[in-house]
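Novice: Here you go, one structure.
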Amino acid sequence: MYACHQKPFRLSLLALLALTLTACGGARVVAGEEGPKLRVVATTGPIGDAVRAIAGDAVELRVLLGPGIDPHTYVAIESDVRAFQRADVIFYNGLHLEAQLERILRQLGKRGAATVVAVAETLPAEKLLGWEPATDKTHDPHVWHDVQLWQEAVQAIRDTLIAADPTHAERYGASAAAYLAQLDALDAYIREHAATLPPERRILVTAHDAFGYFGRAYGFEVEAIQGISSATEASAADIQALTGLIVARGVPAIFVESTISPRTIEAVRAAVRAAGREVTLGGELYSDAPGAPDGPAGTYIGMMRHNIDTIVAALGVQAASPRTTMTDLAERATALS
Ligand SMILES: [Zn+2]
């Protein structure tokens with residue numbers, strides 16, 4: 001489930017926190033040019049990247065969820081709790097993404113021991129997508145897959161850092177502007193590449209429903225076997241429904257995700273094969289966590305570029321071939337005449 005070897009701390013977390021908060025309540029670090037650095041904890045990779053881009057070495061940053069870690073099921077370990085206790089600012093995604101951490105983080109925020117910000121919850125509600133209607137959760141948390149929407153979250157991160165550490169306001173403002181410009185370029189890159197696929201090819205079939213915002217922003221129909229949280233299991237009926245759609249629409253490729261077991265996607269492939277058709281694996285997408293830190297998908301920008309490149313390469317194959325063939329034929333005819 002979660003890729004950690006340390007013992008999950010779930011039961012005693014709140015008790016431990018209560019003790020610590022009683023012991024050191026209100027002892028906030030005030031960062032300054034000569035003073036200690038602001039201690040920042042970020043749960044997810046995209047949030048960590050934004051903090052790194054804005055604040056650089058002016059803060060001491062710890063990012064909790066590394067490559068391949070599923071935020072929906074992640075349970076805090078002892079060292080995470082220590083990081084929360086030491087932090088001046090904690091950024092998390094919110095909207096129930098980090099379902100197992102939410103209670104602790106809300107509690108920390110309420111007690112005021114640190115500034116705690118759920119960055120996706122700072123976005124205007126009318127820009128958020130709904131969760132499955134049957135649950136009590138209100139909004140889809142995967143907001144970073146729409147780059148323009150994520151830029152608003154980055155601005156909230158910038159404003160929080162400036163408020164917590166005003167001595168670096170100018171630096172944070174300038175670095176944030178530069179990062180937002182990089183995200184403008186990323187958004188344009190994704191749009192340009194998506195536009196190379198004809199509309200009927202823009203069907204994205206993945207293991208869990210992480211790409212709703214991506215689909216809305218870049219014009220893809222999104223279908224997933226599991227729901228918005230990977231914590232829910234796919235049923236045989238889910239697999240059959242998706243198989244029917246893949247066969248009926250001639251979907252050429254489906255995608256696995258770095259944080260999700262490929263088991264369910266393989267079950268769909270097998271069902272499609274049993275129906276007398278083939279669907280290829282289009283490659284691995286980074287849905288809920290970036291790739292290895294030293295690899296090309298190790299950053300938010302890198303993972304988003306990897307995703308659109310992978311999607312276009314896999315879904316563009318069959319769409320491109322008839323055009324290529326006709327061009328080839330025309331050229332051959334010209335050469336022969
Ligand atoms: Zn997810």
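Chain labels A, B, ... are given in the sequence in which chains occur in the structure tokens; within each chain residues are numbered consecutively from 1, and ligands are likewise numbered from 1 in the order shown.
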Can I get the residues of chain A within 6 Å of ligand 1, each with the closest pair of atoms and their distance in Å to one decimal, using only C-alpha atoms and all ligand atoms, sorted chain first then ascending number, as a Markdown table?

Specialist:
```
| residue | atom | partner | partner_atom_place_in_ligand_line | distance |
| --- | --- | --- | --- | --- |
| A:Ala210 | CA | ligand 1 | 1 (Zn) | 4.8 |
| A:Ile228 | CA | ligand 1 | 1 (Zn) | 5.9 |
| A:Ser229 | CA | ligand 1 | 1 (Zn) | 5.4 |
| A:Asp288 | CA | ligand 1 | 1 (Zn) | 5.2 |
```

Novice: Enumerate, in order of chain and increasing residue number, the residues of region 160-186 of chain A with an atom no farther than 9 Å from region 297-318 of chain A, each with its shortest atom pair and distance in Å to one decimal, counting only C-alpha atoms, as CSV.

Specialist:
```
residue,atom,partner,partner_atom,distance
A:Gln182,CA,A:Ile301,CA,8.4
A:Leu183,CA,A:Ile301,CA,7.5
A:Leu186,CA,A:Ile301,CA,6.8
```

Novice: List every residue of region 73-276 of chain A that DSSP, applied to the backbone of this structure, assigns to helix (DSSP H, G or I), and report them as a PyMOL selection string.

Specialist: chain A and resi 78-86+102-111+119-122+125-127+143-145+147-164+166-194+199-201+212-218+236-249+263-274

Novice: Dump C-alpha atoms for the selected residues as a compact mmCIF listing (two decimals), in the first residue's frame?

Specialist:
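Heads up, here's the output in out_6.txt:
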```txt
# COMPACT_ATOMS: atom_id res chain seq x y z
CA GLU A 78 7.52 8.87 13.31
CA SER A 79 9.91 11.16 11.43
CA ASP A 80 6.96 12.91 9.73
CA VAL A 81 5.43 13.69 13.10
CA ARG A 82 8.72 15.13 14.27
CA ALA A 83 8.88 17.27 11.12
CA PHE A 84 5.34 18.56 11.76
CA GLN A 85 6.28 19.43 15.31
CA ARG A 86 9.35 21.39 14.27
CA GLU A 102 -5.75 15.37 7.40
CA ARG A 103 -6.90 15.05 10.99
CA ILE A 104 -3.46 15.75 12.43
CA LEU A 105 -2.86 18.65 10.07
CA ARG A 106 -6.19 20.29 10.81
CA GLN A 107 -5.51 19.91 14.51
CA LEU A 108 -2.06 21.50 14.17
CA GLY A 109 -3.57 24.37 12.18
CA LYS A 110 -6.24 24.96 14.80
CA ARG A 111 -3.74 25.08 17.64
CA VAL A 119 -3.22 24.79 -0.87
CA ALA A 120 -5.98 23.23 -3.00
CA GLU A 121 -8.53 24.54 -0.50
CA THR A 122 -7.40 28.12 -1.19
CA ALA A 125 -14.75 26.44 -5.18
CA GLU A 126 -16.29 27.17 -8.58
CA LYS A 127 -13.03 26.12 -10.25
CA VAL A 143 -5.79 20.15 -8.96
CA TRP A 144 -2.12 20.20 -10.06
CA HIS A 145 -3.01 18.49 -13.36
CA VAL A 147 -1.37 24.01 -14.81
CA GLN A 148 -3.30 27.31 -14.82
CA LEU A 149 -5.23 26.25 -11.74
CA TRP A 150 -2.00 25.13 -10.09
CA GLN A 151 -0.53 28.57 -10.73
CA GLU A 152 -3.16 29.96 -8.37
CA ALA A 153 -2.05 27.45 -5.74
CA VAL A 154 1.56 28.54 -6.29
CA GLN A 155 0.51 32.13 -5.61
CA ALA A 156 -1.09 31.02 -2.34
CA ILE A 157 2.19 29.29 -1.41
CA ARG A 158 4.11 32.48 -2.25
CA ASP A 159 1.78 34.66 -0.17
CA THR A 160 2.01 32.29 2.80
CA LEU A 161 5.82 32.28 2.67
CA ILE A 162 5.94 36.07 2.48
CA ALA A 163 3.57 36.41 5.44
CA ALA A 164 5.63 33.93 7.50
CA PRO A 166 8.57 39.00 5.41
CA THR A 167 12.30 39.73 5.43
CA HIS A 168 12.55 37.67 2.23
CA ALA A 169 9.42 39.14 0.63
CA GLU A 170 11.22 40.62 -2.34
CA ARG A 171 13.16 37.46 -3.09
CA TYR A 172 10.06 35.27 -2.79
CA GLY A 173 8.05 37.59 -5.04
CA ALA A 174 10.69 37.63 -7.77
CA SER A 175 11.34 33.89 -7.67
CA ALA A 176 7.61 33.16 -7.73
CA ALA A 177 7.19 35.36 -10.81
CA ALA A 178 9.97 33.45 -12.57
CA TYR A 179 8.41 30.09 -11.61
CA LEU A 180 4.96 31.21 -12.74
CA ALA A 181 6.50 32.15 -16.10
CA GLN A 182 7.93 28.61 -16.36
CA LEU A 183 4.46 27.28 -15.64
CA ASP A 184 3.03 29.49 -18.42
CA ALA A 185 5.46 27.78 -20.78
CA LEU A 186 4.49 24.36 -19.42
CA ASP A 187 0.79 25.07 -19.95
CA ALA A 188 1.47 26.19 -23.53
CA TYR A 189 3.57 23.04 -24.14
CA ILE A 190 0.76 20.76 -22.98
CA ARG A 191 -1.83 22.63 -25.05
CA GLU A 192 0.30 22.50 -28.20
CA HIS A 193 0.95 18.79 -27.84
CA ALA A 194 -2.65 17.92 -26.97
CA PRO A 199 -10.60 15.24 -30.73
CA GLU A 200 -11.85 11.64 -31.14
CA ARG A 201 -8.43 10.39 -29.99
CA GLY A 212 -10.26 15.07 -14.29
CA TYR A 213 -8.64 18.52 -14.15
CA PHE A 214 -6.21 17.55 -16.90
CA GLY A 215 -9.13 16.46 -19.08
CA ARG A 216 -11.06 19.65 -18.46
CA ALA A 217 -8.06 21.90 -19.10
CA TYR A 218 -6.66 20.18 -22.16
CA ALA A 236 -15.66 -6.62 -11.97
CA ALA A 237 -18.52 -4.44 -13.20
CA ASP A 238 -16.17 -1.41 -13.41
CA ILE A 239 -13.74 -3.45 -15.49
CA GLN A 240 -16.49 -4.69 -17.81
CA ALA A 241 -17.90 -1.21 -18.35
CA LEU A 242 -14.52 0.18 -19.25
CA THR A 243 -13.76 -2.76 -21.54
CA GLY A 244 -17.01 -2.10 -23.41
CA LEU A 245 -16.03 1.54 -23.92
CA ILE A 246 -12.51 0.68 -25.12
CA VAL A 247 -13.85 -1.84 -27.66
CA ALA A 248 -16.70 0.39 -28.86
CA ARG A 249 -14.54 3.50 -29.27
CA ARG A 263 -3.06 -5.05 -11.67
CA THR A 264 -6.37 -3.38 -12.56
CA ILE A 265 -5.11 -2.01 -15.87
CA GLU A 266 -3.85 -5.50 -16.74
CA ALA A 267 -7.30 -6.92 -15.93
CA VAL A 268 -8.84 -4.47 -18.40
CA ARG A 269 -6.31 -5.44 -21.08
CA ALA A 270 -7.15 -9.10 -20.55
CA ALA A 271 -10.89 -8.39 -20.80
CA VAL A 272 -10.38 -6.40 -24.02
CA ARG A 273 -8.35 -9.29 -25.43
CA ALA A 274 -11.14 -11.72 -24.48
```

Novice: A:Pro36, A:Gly130, A:Gly291, A:Pro262: which is nearest Gly66 (chain A), counting only C-alpha atoms?

Specialist: A:Gly291

Novice: Please run DSSP on the backbone and report, as a PDB file with N, CA and C atoms, in the first residue's frame, all residues within region 34-256 of chain A that come out as strand (DSSP E or B).

Specialist:
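Full text of part17.pdb as output:
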```
ATOM      1  N   LEU A  38      13.367  29.551   8.117  1.00  0.00           N
ATOM      2  CA  LEU A  38      11.990  29.111   8.251  1.00  0.00           C
ATOM      3  C   LEU A  38      11.930  27.620   7.933  1.00  0.00           C
ATOM      4  N   ARG A  39      11.287  26.852   8.805  1.00  0.00           N
ATOM      5  CA  ARG A  39      11.195  25.409   8.563  1.00  0.00           C
ATOM      6  C   ARG A  39       9.851  25.083   7.918  1.00  0.00           C
ATOM      7  N   VAL A  40       9.937  24.539   6.716  1.00  0.00           N
ATOM      8  CA  VAL A  40       8.734  24.303   5.918  1.00  0.00           C
ATOM      9  C   VAL A  40       8.602  22.813   5.637  1.00  0.00           C
ATOM     10  N   VAL A  41       7.399  22.286   5.824  1.00  0.00           N
ATOM     11  CA  VAL A  41       7.104  20.909   5.432  1.00  0.00           C
ATOM     12  C   VAL A  41       6.053  20.958   4.330  1.00  0.00           C
ATOM     13  N   ALA A  42       6.286  20.194   3.262  1.00  0.00           N
ATOM     14  CA  ALA A  42       5.310  20.062   2.175  1.00  0.00           C
ATOM     15  C   ALA A  42       4.981  18.577   2.060  1.00  0.00           C
ATOM     16  N   VAL A  59      14.822  28.723   3.078  1.00  0.00           N
ATOM     17  CA  VAL A  59      14.059  27.926   4.045  1.00  0.00           C
ATOM     18  C   VAL A  59      14.661  26.529   4.145  1.00  0.00           C
ATOM     19  N   GLU A  60      14.312  25.859   5.236  1.00  0.00           N
ATOM     20  CA  GLU A  60      14.682  24.451   5.387  1.00  0.00           C
ATOM     21  C   GLU A  60      13.429  23.661   5.012  1.00  0.00           C
ATOM     22  N   LEU A  61      13.505  22.958   3.890  1.00  0.00           N
ATOM     23  CA  LEU A  61      12.309  22.296   3.345  1.00  0.00           C
ATOM     24  C   LEU A  61      12.386  20.790   3.500  1.00  0.00           C
ATOM     25  N   ARG A  62      11.271  20.201   3.915  1.00  0.00           N
ATOM     26  CA  ARG A  62      11.166  18.741   3.912  1.00  0.00           C
ATOM     27  C   ARG A  62       9.895  18.359   3.150  1.00  0.00           C
ATOM     28  N   VAL A  63      10.066  17.472   2.164  1.00  0.00           N
ATOM     29  CA  VAL A  63       8.918  16.986   1.389  1.00  0.00           C
ATOM     30  C   VAL A  63       8.638  15.553   1.829  1.00  0.00           C
ATOM     31  N   ILE A  77       4.671   8.516   9.446  1.00  0.00           N
ATOM     32  CA  ILE A  77       5.646   7.750  10.224  1.00  0.00           C
ATOM     33  C   ILE A  77       6.247   8.683  11.267  1.00  0.00           C
ATOM     34  N   VAL A  89       5.896  26.351   8.933  1.00  0.00           N
ATOM     35  CA  VAL A  89       4.832  26.355   7.925  1.00  0.00           C
ATOM     36  C   VAL A  89       4.669  24.933   7.384  1.00  0.00           C
ATOM     37  N   ILE A  90       3.429  24.473   7.307  1.00  0.00           N
ATOM     38  CA  ILE A  90       3.137  23.168   6.706  1.00  0.00           C
ATOM     39  C   ILE A  90       2.173  23.394   5.544  1.00  0.00           C
ATOM     40  N   PHE A  91       2.579  22.953   4.360  1.00  0.00           N
ATOM     41  CA  PHE A  91       1.692  22.999   3.202  1.00  0.00           C
ATOM     42  C   PHE A  91       1.236  21.575   2.887  1.00  0.00           C
ATOM     43  N   TYR A  92      -0.048  21.398   2.724  1.00  0.00           N
ATOM     44  CA  TYR A  92      -0.531  20.124   2.197  1.00  0.00           C
ATOM     45  C   TYR A  92      -1.560  20.414   1.122  1.00  0.00           C
ATOM     46  N   THR A 115       1.879  27.581  10.866  1.00  0.00           N
ATOM     47  CA  THR A 115       0.926  28.006   9.843  1.00  0.00           C
ATOM     48  C   THR A 115       0.660  26.794   8.974  1.00  0.00           C
ATOM     49  N   VAL A 116      -0.578  26.340   8.906  1.00  0.00           N
ATOM     50  CA  VAL A 116      -0.906  25.132   8.149  1.00  0.00           C
ATOM     51  C   VAL A 116      -1.854  25.522   7.014  1.00  0.00           C
ATOM     52  N   VAL A 117      -1.443  25.261   5.785  1.00  0.00           N
ATOM     53  CA  VAL A 117      -2.244  25.682   4.631  1.00  0.00           C
ATOM     54  C   VAL A 117      -2.527  24.495   3.711  1.00  0.00           C
ATOM     55  N   ALA A 118      -3.805  24.246   3.464  1.00  0.00           N
ATOM     56  CA  ALA A 118      -4.216  23.252   2.462  1.00  0.00           C
ATOM     57  C   ALA A 118      -4.325  23.996   1.136  1.00  0.00           C
ATOM     58  N   GLY A 130     -16.124  18.111  -8.868  1.00  0.00           N
ATOM     59  CA  GLY A 130     -16.753  17.331  -7.805  1.00  0.00           C
ATOM     60  C   GLY A 130     -16.075  15.989  -7.602  1.00  0.00           C
ATOM     61  N   HIS A 139     -14.842  17.747  -3.226  1.00  0.00           N
ATOM     62  CA  HIS A 139     -14.114  18.114  -4.437  1.00  0.00           C
ATOM     63  C   HIS A 139     -12.965  17.160  -4.759  1.00  0.00           C
ATOM     64  N   ILE A 203      -9.032  10.330 -25.567  1.00  0.00           N
ATOM     65  CA  ILE A 203      -9.660   9.552 -24.482  1.00  0.00           C
ATOM     66  C   ILE A 203      -8.542   8.989 -23.627  1.00  0.00           C
ATOM     67  N   LEU A 204      -8.543   9.377 -22.389  1.00  0.00           N
ATOM     68  CA  LEU A 204      -7.477   8.981 -21.476  1.00  0.00           C
ATOM     69  C   LEU A 204      -8.028   7.952 -20.493  1.00  0.00           C
ATOM     70  N   VAL A 205      -7.573   6.690 -20.642  1.00  0.00           N
ATOM     71  CA  VAL A 205      -8.035   5.634 -19.730  1.00  0.00           C
ATOM     72  C   VAL A 205      -6.903   5.287 -18.770  1.00  0.00           C
ATOM     73  N   THR A 206      -7.168   5.477 -17.477  1.00  0.00           N
ATOM     74  CA  THR A 206      -6.132   5.261 -16.458  1.00  0.00           C
ATOM     75  C   THR A 206      -6.690   4.392 -15.327  1.00  0.00           C
ATOM     76  N   GLU A 221     -11.360  13.395 -22.755  1.00  0.00           N
ATOM     77  CA  GLU A 221     -12.356  12.640 -22.006  1.00  0.00           C
ATOM     78  C   GLU A 221     -11.568  11.684 -21.115  1.00  0.00           C
ATOM     79  N   VAL A 222     -11.921  11.609 -19.850  1.00  0.00           N
ATOM     80  CA  VAL A 222     -11.129  10.809 -18.915  1.00  0.00           C
ATOM     81  C   VAL A 222     -11.973   9.673 -18.355  1.00  0.00           C
ATOM     82  N   GLU A 223     -11.449   8.471 -18.443  1.00  0.00           N
ATOM     83  CA  GLU A 223     -12.137   7.305 -17.895  1.00  0.00           C
ATOM     84  C   GLU A 223     -11.155   6.566 -16.991  1.00  0.00           C
ATOM     85  N   ALA A 224     -11.631   6.156 -15.810  1.00  0.00           N
ATOM     86  CA  ALA A 224     -10.737   5.449 -14.888  1.00  0.00           C
ATOM     87  C   ALA A 224     -11.446   4.227 -14.323  1.00  0.00           C
ATOM     88  N   ALA A 253      -4.813   2.853 -26.613  1.00  0.00           N
ATOM     89  CA  ALA A 253      -3.861   2.655 -25.511  1.00  0.00           C
ATOM     90  C   ALA A 253      -4.472   3.093 -24.193  1.00  0.00           C
ATOM     91  N   ILE A 254      -4.072   2.380 -23.130  1.00  0.00           N
ATOM     92  CA  ILE A 254      -4.463   2.765 -21.774  1.00  0.00           C
ATOM     93  C   ILE A 254      -3.185   2.888 -20.930  1.00  0.00           C
ATOM     94  N   PHE A 255      -3.293   3.517 -19.787  1.00  0.00           N
ATOM     95  CA  PHE A 255      -2.076   3.943 -19.072  1.00  0.00           C
ATOM     96  C   PHE A 255      -2.027   3.429 -17.636  1.00  0.00           C
ATOM     97  N   VAL A 256      -0.818   3.048 -17.231  1.00  0.00           N
ATOM     98  CA  VAL A 256      -0.605   2.711 -15.820  1.00  0.00           C
ATOM     99  C   VAL A 256      -0.077   3.966 -15.111  1.00  0.00           C
TER     100      VAL A 256
END
```

Novice: Enter the distance from CA of His72 (chain A) to CA of Asn93 (chain A), in Å, rounded to one decimal.

Specialist: 11.0 Å

Novice: For Ala234 (chain A), which residue among A:Ala207, A:Ala289, A:Leu101, A:Ile260 is the nearest when counting only C-alpha atoms?

Specialist: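 Checking each candidate against Ala234 (chain A), we get A:Ala207 as the closest.
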
Novice: Just the residues within 9 Å of Trp131 (chain A), please, counting only C-alpha atoms, with nothing from its chain fewer than 5 positions along; format it as a PyMOL selection string.

Specialist: chain A and resi 136-141+227-228

Novice: Given only C-alpha atoms as the basis, pick out the residue of A:Pro290, A:Asp70, A:Glu278, A:Ala195 nearest to Ile47 (chain A).

Specialist: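 Closest residue, counting only C-alpha atoms: A:Pro290.
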
Novice: When distances are computed from only C-alpha atoms, which of A:Gly68, A:Asp88, A:Thr196, A:Ala231 shows the smallest separation from Gly112 (chain A)?

Specialist: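 Looking at the shortest contact to Gly112 (chain A), the residue is A:Asp88.
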